[in-house]
Structures are given as structure tokens and as C-alpha cells.
Amino acid sequence: MNKIKQKDLILYSGLIILGLAAPFLFSAYKVQLTYLCVMIVLAMTWNLQGGEMGYNTFGNILFYGLGMYLCASVQVGMFFPLAEWTESGGEKTFVHTTAQYFQGIGFGLLAAAIIPTIVAGAIGYAILGLRGHYFAICTLGLGIAAGEIAGGIEIIGAGQGFTTPPFPVEIVDDEARGEFFYFLSFALLVATFVFIKWIYGSRFRLILNAIRDNEDKAEAMGIQTMKYKITGWMCSAFFCGLAGGIMGGLIGYIDSTDVAFDGREMGVFMVLMAILGGKGTLWGPVIGATLFHIFKEGLWTFILGWQYVALGVLIVVIVIYFPEGLMGWLREKFPERFGEAIDEKDRKASVELK
Amino acid sequence: MIVIIAGLGNLPAVAISGMGLGVFEEFADYILGTEFRIGAVFMLLVFILVYRRFKLSKKREYLK
């Protein structure tokens, strides 16, 4: 019953070995690889929300930023007065010892995982009652408002920004910092993938798809749609918060609107990546995020100044040529590989109809 | 945003909400402080949408 196919086993073990070896093979690109892992996580959680549930949210950045601020605040606040830390800005009047740093980041990530989930559950009932464009606009407003409000709160640095604790000075190895954050984000990526793969095989996904396809009918069939919608959002928020926490530590500096509640970049990228790869598929966001990240870094490096123009062209190309995403395109090209039997007569008939 | 607050396709309300939003922004500036000015406007958007959602849900309808 629970037989894992040999092909899958080879694929997954190969990917995990590649992931574990990556920072040693491409040691100059550790930060980029960490970014890649976090972006894949964001794309996958957005896919759970927008692709499976059909609720196109622009507000997942809220949980990402919340996680980032919480992780850093807990890490500092556990040992030093938070207000003095942020007031001194980059002056670093306090220094974390090695044990304090790792303890802090552990508890910080715990807070970054739990509190955004609770927030998602608390606002879920009010926000998820909206549908279609109104939901998208409302979450967009929520994301922007969160950034602006965070920019006004003194204790977390306000507009000046928040410097996250520097990596402990006792560890003199230059490579350690990059490796630590890479493996943290890789672990998060694996956990997210396993969780979402588990969801894909469960009844929960079918319920989410039913909500996407026709919510009224799903409700009429006796599914408590609101309960499942909130649960889906909470799952997204959990992983978004963790991703934010890791990202805060990696970047080292948190600005309210440009790093944490970065709806203009991360908030849009996570939607783009999921759509590029194909929404509503397991591998779509992973492939989409990888390609997107490579593209983005290439554009940022080689045609700096025109990067947003090139990105816009990329978006137009995606929308025109791959409306179903790369996975959708592949599925249309090679349906047999996806385990679909195509009736040739039926296919010809539909082509003639067009 | 002004249109969303007024409701899509409701022309007189758009004029009123445009004016009201300007006034609200100034009040938020005065009461909450300048740093929360933009945040307050976006929170107003969220609150109005949520308010309308709860009002409609009594009739078992929804905003879409």
C-alpha cells in the first residue's frame, strides 16, 4: 500500500544529497542558495493558499515580516533591554555570547512560527469571508498597513531599522555563518516540502480544491469551508513566519518596508514564482522559484538599472506563453508522463472545435 | 482604494469617500501621529471591508 516508488526514492535522495553538498560545492553562493531555499518555501506556501484554495493573497508578506521582527526581538529581548538595543542602532553596545546567540535564535524561531500562526487564525475569520478581488485588495492593504505601522513603533527601531544580533565573534570561521543559515533554511525547505506533499495526498487538499472550484457548492455538500480556509491560511503563516525569521538573521538588518514587510518585492515575487511554475502543483513552485531566482540574479547582475523592466517583460512572457505555468505547459506537452491517458479521438475533436 | 471603500460601481459614494478619506488622513495624522498616517488609511480599508463582510454575512451573502 505504502510502497514508495524506486524512481521517487532516487530523485528525493539525490535532491537531498545535492542540497546538503551545495554549500561546499558552490561555497561562494551560500547566501544566494539560502535565498533560494526561502523563496521556494514562500512560493510553496503561497501555492497552498492561492493555487489550491483559490484565495489570491498578497498578504502573506504580513506573516513573513512578523516572523522576522519577532525572531530578532526575542533574540535580543531575551538577554538585553530591547529599547536600548534599537536606540543604539548599529553601535552594538551589547554582544551576544555564542550560547546566547543560538539560544536566542532558537526561541526566536519558535516565536516566529507560533505567533504568525495565531495571528492568521485570529484574523482569518474576518478576512477570509471576503472573496475574489476584495480578498486580494484587503490582504494587500493589510500588508502595506503592517509595514507602515511597524515603521512607527519605537521599540523595534521604527524607521531607523532594527539591527539583528551579529553572528557570535568567538566563531572565527568565516564560512560558519553562511553554512549555519543555509542549513537552517534547507531544513525548513525539506520540512515544508514534506508537509505539503503530505497535504497533497490527504483529504484536506481535496477540500481546498473544492473551495477553489466552487465554494457555495462545497458548503452545500456539508464542508465547513471557513474552518478549512482558516486552517489553510494558518499552515501558510507558520512556514512564512519561519522563513522570515531565518531571513532576518541572514540579512542582519530589518527595515520595516524594504526588508520585513516587503510587499513590493518578496510579496509579489512569491506570487510570480508560484504562477511561473504552475499553481496547484507540488513541483511547480519549486521549479518556478528556482528559475525565477536564477533569472532575477542574472538580471540584477548584468543589466542593473533595467532589472525591473526586464522583470516586467518576463512577467508578460509568462502570462502570454505559459498561462498555466511551466508545469501546466509540460502537462499539456507530455500528458503521459503525468499518468494521464489521452483519448486521441477526443483530443482531435476538441482541436477541431477550436 | 477610494473606489473599494465606496463600493464598485457606486459613483456618488466615490466622491464622498474621496473627500472623507482626505479628512480621515488628516485626523489620523493629528491623533495617532504622522508615522501612522499611511498605516491608518490602509487599516481603514481593511476595517471597512471586514465591516461590510460581517454586515452582508447576516443575509448569507458575501463580498466578491
# chains A, B, ... in the order shown; residues from 1 in each chain; ligands from 1
>>> residues_around(residues="A:Pro23", least_positions_apart="3", cutoff="12 Å", atoms="only C-alpha atoms", output="JSON, numbers by chain")
{"A": [17, 18, 19, 20, 26, 27, 28, 29, 30, 31, 32, 33, 34, 175, 176, 177, 178, 179, 180, 181, 182, 183, 185, 186]}
>>> interface_residues(of="chain B", to="chain A", cutoff="6 Å", atoms="only C-alpha atoms", output="ChimeraX atom specification")
/B:35-36,39,42-43,46,50,63-64
>>> select_by_dssp(residues="stretch 59-257 of chain A", states="strand (DSSP E or B)", output="PDB file with N, CA and C atoms, in the first residue's frame")
ATOM      1  N   PHE A 162      16.150  47.922  12.436  1.00  0.00           N
ATOM      2  CA  PHE A 162      16.486  47.064  13.568  1.00  0.00           C
ATOM      3  C   PHE A 162      17.698  46.244  13.143  1.00  0.00           C
ATOM      4  N   THR A 163      18.775  46.341  13.917  1.00  0.00           N
ATOM      5  CA  THR A 163      19.939  45.528  13.595  1.00  0.00           C
ATOM      6  C   THR A 163      19.831  44.220  14.342  1.00  0.00           C
ATOM      7  N   TYR A 253      19.826  43.115   9.057  1.00  0.00           N
ATOM      8  CA  TYR A 253      19.258  44.436   9.286  1.00  0.00           C
ATOM      9  C   TYR A 253      17.810  44.391   8.827  1.00  0.00           C
ATOM     10  N   ILE A 254      16.904  44.869   9.687  1.00  0.00           N
ATOM     11  CA  ILE A 254      15.490  44.808   9.333  1.00  0.00           C
ATOM     12  C   ILE A 254      14.956  46.214   9.154  1.00  0.00           C
TER      13      ILE A 254
END
>>> closest_residue(among="B:Val41, B:Gly9, B:Gly33, B:Tyr51", to="B:Leu21", atoms="only C-alpha atoms")
B:Val41
>>> closest_residue(among="B:Arg53, B:Gly22, B:Ile4, B:Lys58", to="B:Ile38", atoms="only C-alpha atoms")
B:Gly22
>>> atom_distance(atom1="atom CA of A:Ile199", atom2="atom CA of A:Gly14")
22.5 Å
>>> residues_around(residues="stretch 328-332 of chain A", least_positions_apart="3", cutoff="12 Å", atoms="only C-alpha atoms", output="PyMOL selection string")
chain A and resi 274-285+287-288+318-325+335-342+347
>>> atom_distance(atom1="atom CA of A:Gln49", atom2="atom CA of A:Ile156")
29.4 Å
>>> closest_residue(among="A:Trp46, A:Thr192, A:Tyr64, A:Ala21", to="A:Thr257", atoms="only C-alpha atoms")
A:Tyr64
>>> select_by_dssp(residues="stretch 77-253 of chain A", states="alpha helix (DSSP H)", output="PyMOL selection string")
chain A and resi 77+82-88+98-127+132-150+174-200+203-213+215-220+225-251
>>> residues_around(residues="B:Arg52", least_positions_apart="5", cutoff="9 Å", atoms="only C-alpha atoms", output="VMD selection string")
chain B and resid 47 57 62 to 63
